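Engineer: What follows is a structure written as structure tokens; I'll ask about it next.
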Amino acid sequence: MCKDTIYKAGIPWVDELKLTKDILVTEITHQSNKGKAFKNGTANKLAVGTKIFRVKERNDILIAEAERGDIRFYQLVEG
């Protein structure tokens with residue numbers, strides 16, 4: 001969760017985009033599997049300390065620098 005918004009990884013079309021990491025937005029500070037426990041800086045799979053970056057090309061995608069490589073996250077919004 002970043003800036004009160006949930007992001008999701010594993011979206012094929014997002015993984016195919018050509019993106020450039022930009023500024024550091026946040027870092028994972030908590031880990032939880034309980035939705036009600038989520039607050040900004042919480043992840044359910046990323047390790048505490050993982051750095052999260054904005055991308056230059058879009059405002060709805062973030063990139064996490066994980067040990068196994070960069071992971072792209074797409075912003076979930078309700079319509």
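Simple scheme: letters A, B, ... for chains in structure tokens order, numbers from 1 for residues in each chain, numbers from 1 for ligands in the order shown.
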Going by DSSP on the backbone, which bits of chain A are strand (DSSP E or B)? Write them as a compact mmCIF listing (two decimals) with C-alpha atoms, in the first residue's frame, please.
Structural biologist:
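The new file states-v7.txt reads:
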```
# COMPACT_ATOMS: atom_id res chain seq x y z
CA CYS A 2 1.34 3.39 -1.01
CA THR A 5 -3.76 2.96 -2.55
CA TYR A 7 -1.08 -1.98 -5.93
CA LYS A 8 -1.06 -5.42 -7.58
CA ALA A 9 1.76 -7.34 -9.28
CA LYS A 21 12.49 3.86 -12.76
CA ASP A 22 12.33 7.40 -11.44
CA ILE A 23 12.33 8.68 -7.88
CA LEU A 24 12.12 6.62 -4.69
CA VAL A 25 8.55 6.84 -3.38
CA THR A 26 8.61 4.69 -0.27
CA GLU A 27 10.07 1.64 1.39
CA HIS A 30 5.52 -3.70 7.52
CA GLN A 31 4.41 -7.10 6.32
CA THR A 42 2.68 -2.51 4.12
CA ALA A 43 3.10 -5.47 1.75
CA LYS A 51 12.49 0.12 -2.04
CA ILE A 52 9.57 1.27 -4.22
CA PHE A 53 10.05 3.63 -7.16
CA ARG A 54 7.74 5.70 -9.35
CA VAL A 55 8.16 5.33 -13.13
CA ILE A 61 2.63 1.92 -11.92
CA LEU A 62 5.35 1.45 -9.30
CA ILE A 63 8.47 -0.72 -9.42
CA ALA A 64 9.82 -2.60 -6.40
CA GLU A 65 13.52 -3.51 -6.26
CA ALA A 66 13.27 -7.04 -4.86
CA GLY A 69 14.65 -8.57 -9.55
CA ASP A 70 12.33 -5.66 -10.25
CA ILE A 71 8.61 -6.24 -9.78
CA ARG A 72 6.00 -3.96 -11.36
CA PHE A 73 2.83 -3.01 -9.52
CA TYR A 74 -0.34 -1.55 -11.02
CA GLN A 75 -2.60 0.77 -9.06
```
Engineer: Enumerate as a list in words all residues of chain A assigned to helix (DSSP H, G or I) by DSSP on the backbone, naming them with the chain letters and numbers the document uses.
Structural biologist: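 Of chain A, only Pro12, Trp13, Val14, Asp15, Glu16, Gly35, Lys36 and Ala37 of chain A fall in helix (DSSP H, G or I).
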Engineer: Keeping only all heavy atoms, take the residues you just selected and write them out as a PDB file, in the first residue's frame.
Structural biologist:
```
ATOM      1  N   PRO A  12       0.059  -9.102 -16.784  1.00  0.00           N
ATOM      2  CA  PRO A  12       0.887  -9.309 -17.982  1.00  0.00           C
ATOM      3  C   PRO A  12       1.145  -8.060 -18.815  1.00  0.00           C
ATOM      4  O   PRO A  12       2.292  -7.807 -19.193  1.00  0.00           O
ATOM      5  CB  PRO A  12       0.117 -10.357 -18.778  1.00  0.00           C
ATOM      6  CG  PRO A  12      -0.651 -11.124 -17.742  1.00  0.00           C
ATOM      7  CD  PRO A  12      -1.028 -10.088 -16.715  1.00  0.00           C
ATOM      8  N   TRP A  13       0.123  -7.255 -19.101  1.00  0.00           N
ATOM      9  CA  TRP A  13       0.358  -6.092 -19.970  1.00  0.00           C
ATOM     10  C   TRP A  13       1.261  -5.063 -19.285  1.00  0.00           C
ATOM     11  O   TRP A  13       2.015  -4.362 -19.951  1.00  0.00           O
ATOM     12  CB  TRP A  13      -0.946  -5.467 -20.455  1.00  0.00           C
ATOM     13  CG  TRP A  13      -1.776  -4.783 -19.407  1.00  0.00           C
ATOM     14  CD1 TRP A  13      -2.798  -5.332 -18.692  1.00  0.00           C
ATOM     15  CD2 TRP A  13      -1.655  -3.429 -18.972  1.00  0.00           C
ATOM     16  NE1 TRP A  13      -3.324  -4.405 -17.824  1.00  0.00           N
ATOM     17  CE2 TRP A  13      -2.641  -3.212 -17.983  1.00  0.00           C
ATOM     18  CE3 TRP A  13      -0.832  -2.363 -19.317  1.00  0.00           C
ATOM     19  CZ2 TRP A  13      -2.805  -2.005 -17.334  1.00  0.00           C
ATOM     20  CZ3 TRP A  13      -1.003  -1.148 -18.664  1.00  0.00           C
ATOM     21  CH2 TRP A  13      -1.970  -0.975 -17.695  1.00  0.00           C
ATOM     22  N   VAL A  14       1.227  -4.981 -17.958  1.00  0.00           N
ATOM     23  CA  VAL A  14       2.106  -4.064 -17.223  1.00  0.00           C
ATOM     24  C   VAL A  14       3.549  -4.554 -17.308  1.00  0.00           C
ATOM     25  O   VAL A  14       4.479  -3.766 -17.512  1.00  0.00           O
ATOM     26  CB  VAL A  14       1.656  -3.925 -15.748  1.00  0.00           C
ATOM     27  CG1 VAL A  14       2.666  -3.120 -14.934  1.00  0.00           C
ATOM     28  CG2 VAL A  14       0.277  -3.292 -15.678  1.00  0.00           C
ATOM     29  N   ASP A  15       3.742  -5.869 -17.187  1.00  0.00           N
ATOM     30  CA  ASP A  15       5.084  -6.450 -17.259  1.00  0.00           C
ATOM     31  C   ASP A  15       5.721  -6.277 -18.634  1.00  0.00           C
ATOM     32  O   ASP A  15       6.942  -6.298 -18.755  1.00  0.00           O
ATOM     33  CB  ASP A  15       5.047  -7.931 -16.883  1.00  0.00           C
ATOM     34  CG  ASP A  15       4.706  -8.131 -15.405  1.00  0.00           C
ATOM     35  OD1 ASP A  15       4.935  -7.201 -14.599  1.00  0.00           O
ATOM     36  OD2 ASP A  15       4.210  -9.214 -15.063  1.00  0.00           O
ATOM     37  N   GLU A  16       4.909  -6.090 -19.668  1.00  0.00           N
ATOM     38  CA  GLU A  16       5.425  -5.942 -21.030  1.00  0.00           C
ATOM     39  C   GLU A  16       5.797  -4.499 -21.391  1.00  0.00           C
ATOM     40  O   GLU A  16       6.467  -4.268 -22.390  1.00  0.00           O
ATOM     41  CB  GLU A  16       4.391  -6.457 -22.030  1.00  0.00           C
ATOM     42  CG  GLU A  16       4.174  -7.959 -21.930  1.00  0.00           C
ATOM     43  CD  GLU A  16       3.032  -8.439 -22.805  1.00  0.00           C
ATOM     44  OE1 GLU A  16       2.517  -7.652 -23.629  1.00  0.00           O
ATOM     45  OE2 GLU A  16       2.636  -9.606 -22.662  1.00  0.00           O
ATOM     46  N   GLY A  35      -5.917  -7.716   5.453  1.00  0.00           N
ATOM     47  CA  GLY A  35      -6.269  -6.464   4.791  1.00  0.00           C
ATOM     48  C   GLY A  35      -6.518  -5.308   5.740  1.00  0.00           C
ATOM     49  O   GLY A  35      -6.124  -4.177   5.481  1.00  0.00           O
ATOM     50  N   LYS A  36      -7.163  -5.571   6.865  1.00  0.00           N
ATOM     51  CA  LYS A  36      -7.468  -4.499   7.813  1.00  0.00           C
ATOM     52  C   LYS A  36      -6.205  -3.962   8.484  1.00  0.00           C
ATOM     53  O   LYS A  36      -6.211  -2.858   9.013  1.00  0.00           O
ATOM     54  CB  LYS A  36      -8.459  -4.981   8.856  1.00  0.00           C
ATOM     55  CG  LYS A  36      -9.832  -5.220   8.263  1.00  0.00           C
ATOM     56  CD  LYS A  36     -10.838  -5.578   9.320  1.00  0.00           C
ATOM     57  CE  LYS A  36     -12.190  -5.772   8.658  1.00  0.00           C
ATOM     58  NZ  LYS A  36     -13.267  -5.924   9.593  1.00  0.00           N
ATOM     59  N   ALA A  37      -5.126  -4.731   8.459  1.00  0.00           N
ATOM     60  CA  ALA A  37      -3.878  -4.298   9.084  1.00  0.00           C
ATOM     61  C   ALA A  37      -3.030  -3.456   8.132  1.00  0.00           C
ATOM     62  O   ALA A  37      -2.024  -2.895   8.532  1.00  0.00           O
ATOM     63  CB  ALA A  37      -3.076  -5.520   9.540  1.00  0.00           C
TER      64      ALA A  37
END
```
Engineer: Kindly indicate which residue among A:Thr50, A:Ser32, A:Glu57, A:Met1 lies nearest to Lys18 of chain A, using only C-alpha atoms for the distances.
Structural biologist: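 Closest residue, counting only C-alpha atoms: A:Glu57.
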